[in-house]
file coords-v1.cif (mmCIF, C-alpha atoms)
data_start
#
loop_
_atom_site.group_PDB
_atom_site.id
_atom_site.type_symbol
_atom_site.label_atom_id
_atom_site.label_comp_id
_atom_site.auth_asym_id
_atom_site.auth_seq_id
_atom_site.Cartn_x
_atom_site.Cartn_y
_atom_site.Cartn_z
ATOM 1 C CA MET O 1 -0.638 27.594 -10.853
ATOM 2 C CA GLY O 2 -3.763 28.278 -8.820
ATOM 3 C CA LYS O 3 -4.031 28.027 -5.073
ATOM 4 C CA LEU O 4 -3.709 24.580 -3.551
ATOM 5 C CA ARG O 5 -6.711 23.684 -1.414
ATOM 6 C CA VAL O 6 -8.582 20.827 0.195
ATOM 7 C CA ILE O 7 -11.558 20.174 -2.080
ATOM 8 C CA GLY O 8 -13.766 17.870 -0.012
ATOM 9 C CA GLY O 9 -14.616 16.597 3.446
ATOM 10 C CA LYS O 10 -13.991 18.072 6.899
ATOM 11 C CA ALA O 11 -11.184 20.454 5.817
ATOM 12 C CA ARG O 12 -12.875 21.497 2.565
ATOM 13 C CA GLY O 13 -11.851 24.938 1.334
ATOM 14 C CA LEU O 14 -8.738 25.261 3.490
ATOM 15 C CA LEU O 15 -5.719 26.514 1.554
ATOM 16 C CA LEU O 16 -2.511 24.498 1.647
ATOM 17 C CA LYS O 17 1.028 25.825 1.487
ATOM 18 C CA THR O 18 3.182 24.842 -1.469
ATOM 19 C CA VAL O 19 6.798 23.788 -1.264
ATOM 20 C CA PRO O 20 9.121 26.728 -2.031
ATOM 21 C CA GLY O 21 10.956 26.457 -5.353
ATOM 22 C CA ASP O 22 10.128 24.104 -8.205
ATOM 23 C CA THR O 23 11.132 20.734 -6.761
ATOM 24 C CA THR O 24 7.557 19.468 -6.453
ATOM 25 C CA ARG O 25 4.575 19.390 -8.786
ATOM 26 C CA PRO O 26 1.428 19.456 -6.666
ATOM 27 C CA ILE O 27 -1.581 17.543 -7.930
ATOM 28 C CA THR O 28 -4.064 19.833 -9.664
ATOM 29 C CA ASP O 29 -7.565 20.286 -8.266
ATOM 30 C CA ILE O 30 -9.027 18.679 -11.411
ATOM 31 C CA VAL O 31 -6.939 15.520 -11.027
ATOM 32 C CA LYS O 32 -7.421 15.408 -7.256
ATOM 33 C CA GLU O 33 -11.197 15.763 -7.624
ATOM 34 C CA ALA O 34 -11.278 13.047 -10.295
ATOM 35 C CA LEU O 35 -9.144 10.744 -8.136
ATOM 36 C CA PHE O 36 -11.357 11.131 -5.077
ATOM 37 C CA ASN O 37 -14.514 10.759 -7.177
ATOM 38 C CA ILE O 38 -13.108 7.412 -8.349
ATOM 39 C CA LEU O 39 -12.200 6.375 -4.802
ATOM 40 C CA GLY O 40 -15.525 7.557 -3.374
ATOM 41 C CA ASP O 41 -16.326 6.069 0.019
ATOM 42 C CA GLU O 42 -13.449 3.575 -0.305
ATOM 43 C CA VAL O 43 -11.175 6.110 1.412
ATOM 44 C CA GLN O 44 -13.216 5.871 4.655
ATOM 45 C CA ASP O 45 -11.136 4.470 7.544
ATOM 46 C CA ASN O 46 -8.174 3.850 5.210
ATOM 47 C CA ARG O 47 -4.532 3.922 6.174
ATOM 48 C CA VAL O 48 -2.739 5.982 3.496
ATOM 49 C CA LEU O 49 0.928 6.050 2.499
ATOM 50 C CA ASP O 50 1.784 9.232 0.584
ATOM 51 C CA LEU O 51 5.218 8.522 -0.911
ATOM 52 C CA PHE O 52 7.071 11.538 -2.307
ATOM 53 C CA GLY O 53 4.648 13.599 -0.179
ATOM 54 C CA GLY O 54 5.517 17.061 -1.536
ATOM 55 C CA THR O 55 2.794 19.293 -0.102
ATOM 56 C CA GLY O 56 0.894 16.398 1.454
ATOM 57 C CA ALA O 57 -2.180 17.332 -0.603
ATOM 58 C CA VAL O 58 -3.250 13.759 -1.448
ATOM 59 C CA GLY O 59 -2.885 12.345 2.069
ATOM 60 C CA ILE O 60 -4.547 15.411 3.574
ATOM 61 C CA GLU O 61 -7.432 15.135 1.098
ATOM 62 C CA ALA O 62 -7.838 11.483 2.121
ATOM 63 C CA LEU O 63 -7.877 12.458 5.821
ATOM 64 C CA SER O 64 -10.412 15.186 5.111
ATOM 65 C CA ARG O 65 -12.637 12.579 3.461
ATOM 66 C CA GLY O 66 -12.503 10.112 6.325
ATOM 67 C CA ALA O 67 -9.217 8.213 6.109
ATOM 68 C CA LYS O 68 -8.074 6.999 9.524
ATOM 69 C CA PHE O 69 -4.333 7.688 9.176
ATOM 70 C CA ALA O 70 -1.815 9.048 6.668
ATOM 71 C CA HIS O 71 1.934 8.444 6.640
ATOM 72 C CA PHE O 72 3.843 11.008 4.556
ATOM 73 C CA LEU O 73 7.384 10.529 3.269
ATOM 74 C CA ASP O 74 9.603 13.027 1.527
ATOM 75 C CA LYS O 75 13.373 13.348 1.499
ATOM 76 C CA GLY O 76 13.380 17.138 1.159
ATOM 77 C CA GLN O 77 13.328 19.184 4.351
ATOM 78 C CA ALA O 78 11.336 21.985 2.679
ATOM 79 C CA ALA O 79 8.660 19.440 1.672
ATOM 80 C CA VAL O 80 8.596 17.908 5.173
ATOM 81 C CA ASN O 81 8.181 21.388 6.692
ATOM 82 C CA THR O 82 5.377 22.144 4.209
ATOM 83 C CA ILE O 83 3.550 18.865 4.943
ATOM 84 C CA GLN O 84 3.841 19.475 8.702
ATOM 85 C CA ALA O 85 2.481 23.019 8.334
ATOM 86 C CA ASN O 86 -0.401 21.782 6.148
ATOM 87 C CA ILE O 87 -1.281 19.016 8.602
ATOM 88 C CA LYS O 88 -1.279 21.480 11.491
ATOM 89 C CA HIS O 89 -3.395 23.961 9.503
ATOM 90 C CA THR O 90 -5.969 21.272 8.620
ATOM 91 C CA ARG O 91 -5.895 19.926 12.209
ATOM 92 C CA PHE O 92 -5.013 16.345 11.305
ATOM 93 C CA ASP O 93 -1.945 16.231 13.609
ATOM 94 C CA ASP O 94 -3.238 13.222 15.545
ATOM 95 C CA GLN O 95 -3.914 11.201 12.373
ATOM 96 C CA ALA O 96 -0.681 11.817 10.513
ATOM 97 C CA LYS O 97 2.978 10.908 10.626
ATOM 98 C CA VAL O 98 5.567 12.788 8.573
ATOM 99 C CA LEU O 99 8.947 11.250 7.981
ATOM 100 C CA ARG O 100 11.928 12.798 6.252
ATOM 101 C CA ALA O 101 13.237 9.790 4.366
ATOM 102 C CA ASP O 102 14.263 8.580 0.957
ATOM 103 C CA ALA O 103 11.244 6.647 -0.355
ATOM 104 C CA PHE O 104 13.415 3.940 -1.921
ATOM 105 C CA SER O 105 15.395 3.279 1.263
ATOM 106 C CA TRP O 106 12.165 3.264 3.255
ATOM 107 C CA LEU O 107 10.490 0.842 0.833
ATOM 108 C CA ALA O 108 13.531 -1.464 0.889
ATOM 109 C CA ALA O 109 13.450 -1.774 4.700
ATOM 110 C CA PRO O 110 11.168 -4.295 6.446
ATOM 111 C CA HIS O 111 7.851 -2.960 7.782
ATOM 112 C CA SER O 112 5.118 -4.588 9.843
ATOM 113 C CA GLU O 113 2.401 -2.096 8.927
ATOM 114 C CA SER O 114 0.191 -2.173 5.850
ATOM 115 C CA PHE O 115 -1.700 0.524 3.980
ATOM 116 C CA ASP O 116 -5.026 0.547 2.147
ATOM 117 C CA LEU O 117 -3.953 3.255 -0.277
ATOM 118 C CA ILE O 118 -0.395 3.866 -1.446
ATOM 119 C CA TYR O 119 0.066 7.000 -3.553
ATOM 120 C CA VAL O 120 3.188 7.152 -5.720
ATOM 121 C CA ALA O 121 3.816 10.578 -7.306
ATOM 122 C CA PRO O 122 7.582 10.994 -7.695
ATOM 123 C CA PRO O 123 9.502 13.680 -9.549
ATOM 124 C CA GLN O 124 8.881 13.243 -13.278
ATOM 125 C CA TYR O 125 11.041 11.735 -16.016
ATOM 126 C CA LYS O 126 13.446 9.898 -13.727
ATOM 127 C CA GLU O 127 11.938 6.380 -13.864
ATOM 128 C CA MET O 128 11.322 6.684 -10.142
ATOM 129 C CA TRP O 129 7.771 5.353 -10.266
ATOM 130 C CA GLN O 130 9.009 2.062 -11.768
ATOM 131 C CA ARG O 131 11.640 1.743 -9.052
ATOM 132 C CA ALA O 132 9.015 2.394 -6.352
ATOM 133 C CA MET O 133 6.677 -0.207 -7.896
ATOM 134 C CA ARG O 134 9.465 -2.807 -8.048
ATOM 135 C CA LEU O 135 10.252 -2.214 -4.363
ATOM 136 C CA LEU O 136 6.567 -2.452 -3.453
ATOM 137 C CA ASP O 137 6.385 -5.693 -5.450
ATOM 138 C CA GLU O 138 9.169 -7.083 -3.240
ATOM 139 C CA GLN O 139 7.115 -6.200 -0.125
ATOM 140 C CA PRO O 140 3.505 -6.874 -1.138
ATOM 141 C CA GLN O 141 2.427 -6.993 2.524
ATOM 142 C CA LEU O 142 2.753 -3.172 2.605
ATOM 143 C CA LEU O 143 -0.546 -3.096 0.690
ATOM 144 C CA SER O 144 -3.562 -4.440 2.567
ATOM 145 C CA PRO O 145 -5.434 -7.307 0.822
ATOM 146 C CA GLN O 146 -8.154 -5.034 -0.615
ATOM 147 C CA GLY O 147 -5.858 -2.012 -0.992
ATOM 148 C CA GLN O 148 -4.702 -0.161 -4.064
ATOM 149 C CA ILE O 149 -1.589 1.561 -5.307
ATOM 150 C CA ILE O 150 -2.100 4.678 -7.414
ATOM 151 C CA VAL O 151 0.737 6.004 -9.545
ATOM 152 C CA GLN O 152 0.635 9.619 -10.789
ATOM 153 C CA ILE O 153 2.942 10.306 -13.736
ATOM 154 C CA ASN O 154 3.132 12.181 -17.007
ATOM 155 C CA PRO O 155 1.657 9.918 -19.738
ATOM 156 C CA ILE O 156 4.957 9.909 -21.675
ATOM 157 C CA GLU O 157 6.582 8.147 -18.695
ATOM 158 C CA TRP O 158 4.271 5.133 -18.934
ATOM 159 C CA THR O 159 5.813 1.760 -19.755
ATOM 160 C CA ASP O 160 4.092 -1.594 -19.351
ATOM 161 C CA GLU O 161 5.814 -3.634 -16.722
ATOM 162 C CA ALA O 162 4.776 -6.958 -15.191
ATOM 163 C CA TYR O 163 4.743 -7.333 -11.416
ATOM 164 C CA THR O 164 4.676 -10.549 -9.440
ATOM 165 C CA HIS O 165 2.097 -9.402 -6.894
ATOM 166 C CA PHE O 166 0.227 -6.489 -8.471
ATOM 167 C CA ALA O 167 -1.929 -5.994 -11.545
ATOM 168 C CA GLU O 168 -3.177 -2.810 -13.162
ATOM 169 C CA PHE O 169 -6.963 -2.508 -12.997
ATOM 170 C CA ASP O 170 -7.605 1.046 -14.202
ATOM 171 C CA ARG O 171 -5.886 3.935 -15.953
ATOM 172 C CA ARG O 172 -7.145 7.518 -16.332
ATOM 173 C CA LYS O 173 -5.594 10.417 -18.241
ATOM 174 C CA TYR O 174 -6.227 14.070 -17.390
ATOM 175 C CA GLY O 175 -4.224 16.345 -19.697
ATOM 176 C CA ASP O 176 -0.561 15.815 -18.824
ATOM 177 C CA THR O 177 -1.355 13.598 -15.817
ATOM 178 C CA LEU O 178 -1.863 9.848 -15.889
ATOM 179 C CA LEU O 179 -3.263 7.938 -12.915
ATOM 180 C CA VAL O 180 -2.608 4.188 -12.946
ATOM 181 C CA PHE O 181 -4.350 1.944 -10.406
ATOM 182 C CA PHE O 182 -2.900 -1.354 -9.163
ATOM 183 C CA GLU O 183 -4.243 -4.024 -6.819
ATOM 184 C CA HIS O 184 -3.093 -7.412 -5.560
ATOM 185 C CA LYS O 185 -3.255 -10.059 -8.259
ATOM 186 C CA ASN O 186 -6.016 -12.574 -7.910
ATOM 187 C CA PRO O 187 -4.312 -15.818 -6.748
ATOM 188 C CA GLU O 188 -6.359 -17.787 -9.316
ATOM 189 C CA SER O 189 -5.157 -15.688 -12.280
#
call {"tool": "encode", "arguments": {"input": "coords-v1.cif", "output": "structure tokens"}}
result
Amino acid sequence: MGKLRVIGGKARGLLLKTVPGDTTRPITDIVKEALFNILGDEVQDNRVLDLFGGTGAVGIEALSRGAKFAHFLDKGQAAVNTIQANIKHTRFDDQAKVLRADAFSWLAAPHSESFDLIYVAPPQYKEMWQRAMRLLDEQPQLLSPQGQIIVQINPIEWTDEAYTHFAEFDRRKYGDTLLVFFEHKNPES
């Protein structure tokens, strides 16, 4: 695996630490660049929730490109330490919150805040993305009205599933990575 870096915005070119061991699978530069090309200026002033934060690369990339705030969650202490170090290195300390927490427990608890971009990239092959989506579907207010949820999985993990509050509006495949985009369902549909 190549070096992990910020590829655009204010922190462009800065290298990020990776989590020791093989418990995380950081997003590749190719996928990250494609994702942020799709998002374009939509990331400006966004509030981002980076579930299963790992290295924090997605939330940090969003901050670098103008997001207002990023909330990172990971249950592993090594990942939390890595995210904190990467945030400090990229100087986004005042725009970020890192929480060591189980994503499912966090999603199941009531929250008053909402996010414009929710990134779901759990460990592979454990049906965790479906569980996260079901919990988000039970708390649709976590996603702002014009917001989007992006799921990053291996294509072989994909299964069609209907949600009460969210609908898929785009899907992109990059090698062994699939990005699936969800938004609030149109009330008229």
call {"tool": "atom_distance", "arguments": {"input": "coords-v1.cif", "atom1": "atom CA of Tyr125 of chain O", "atom2": "atom CA of Gly21 of chain O"}}
result
18.2 Å
call {"tool": "resolve_selection", "arguments": {"input": "coords-v1.cif", "expression": "the PyMOL selection byres ((chain O and resi 171) around 10)", "output": "ChimeraX atom specification"}}
result
/O:150-151,168-170,172-173,178-182
call {"tool": "closest_residue", "arguments": {"input": "coords-v1.cif", "among": "O:Glu61, O:Asp45, O:Asp102, O:Asp160", "to": "Gly147 of chain O", "atoms": "all atoms listed in the file"}}
result
O:Asp45
call {"tool": "closest_residue", "arguments": {"input": "coords-v1.cif", "among": "O:Ile87, O:Leu63, O:Ala121, O:Ala162", "to": "Ala103 of chain O", "atoms": "only C-alpha atoms"}}
result
O:Ala121
call {"tool": "closest_atom_pairs", "arguments": {"input": "coords-v1.cif", "of": "segment 62-171 of chain O", "to": "segment 8-17 of chain O", "cutoff": "8 Å", "atoms": "all atoms listed in the file", "output": "CSV"}}
result
residue,atom,partner,partner_atom,distance
O:Ser64,CA,O:Gly9,CA,4.7
O:Arg65,CA,O:Gly9,CA,4.5
O:Gly66,CA,O:Gly9,CA,7.4
O:Thr82,CA,O:Lys17,CA,6.3
O:Ala85,CA,O:Lys17,CA,7.5
O:Asn86,CA,O:Leu16,CA,5.7
O:His89,CA,O:Leu16,CA,7.9
O:Thr90,CA,O:Ala11,CA,6.0
call {"tool": "closest_residue", "arguments": {"input": "coords-v1.cif", "among": "O:Ile118, O:Ile7, O:Ile27, O:Ala62", "to": "Asn154 of chain O", "atoms": "all atoms listed in the file"}}
result
O:Ile27
call {"tool": "resolve_selection", "arguments": {"input": "coords-v1.cif", "expression": "the PyMOL selection byres ((chain O and resi 73) around 8)", "output": "CSV table (one decimal) with C-alpha atoms, in the frame of the given file"}}
result
chain,number,residue,atom,x,y,z
O,49,LEU,CA,0.9,6.0,2.5
O,50,ASP,CA,1.8,9.2,0.6
O,51,LEU,CA,5.2,8.5,-0.9
O,52,PHE,CA,7.1,11.5,-2.3
O,53,GLY,CA,4.6,13.6,-0.2
O,71,HIS,CA,1.9,8.4,6.6
O,72,PHE,CA,3.8,11.0,4.6
O,74,ASP,CA,9.6,13.0,1.5
O,75,LYS,CA,13.4,13.3,1.5
O,80,VAL,CA,8.6,17.9,5.2
O,98,VAL,CA,5.6,12.8,8.6
O,99,LEU,CA,8.9,11.2,8.0
O,100,ARG,CA,11.9,12.8,6.3
O,101,ALA,CA,13.2,9.8,4.4
O,102,ASP,CA,14.3,8.6,1.0
O,103,ALA,CA,11.2,6.6,-0.4
call {"tool": "closest_residue", "arguments": {"input": "coords-v1.cif", "among": "O:Ala67, O:Asn81, O:Ile153, O:Arg131", "to": "Asp41 of chain O", "atoms": "all atoms listed in the file"}}
result
O:Ala67
call {"tool": "residues_around", "arguments": {"input": "coords-v1.cif", "residues": "Pro110 of chain O", "least_positions_apart": "5", "cutoff": "10 Å", "atoms": "only C-alpha atoms", "output": "VMD selection string"}}
result
chain O and resid 139 141 to 142
call {"tool": "atom_distance", "arguments": {"input": "coords-v1.cif", "atom1": "atom CA of Gly56 of chain O", "atom2": "atom CA of Val19 of chain O"}}
result
9.8 Å
call {"tool": "closest_residue", "arguments": {"input": "coords-v1.cif", "among": "O:Gly59, O:Pro20, O:Pro122, O:Pro140", "to": "Phe166 of chain O", "atoms": "all atoms listed in the file"}}
result
O:Pro140
call {"tool": "atom_distance", "arguments": {"input": "coords-v1.cif", "atom1": "atom CA of Asp29 of chain O", "atom2": "atom CA of Tyr174 of chain O"}}
result
11.1 Å
call {"tool": "residues_around", "arguments": {"input": "coords-v1.cif", "residues": "Leu135 of chain O", "least_positions_apart": "2", "cutoff": "10 Å", "atoms": "only C-alpha atoms", "output": "number ranges by chain"}}
result
O: 103-109, 129-133, 137-140
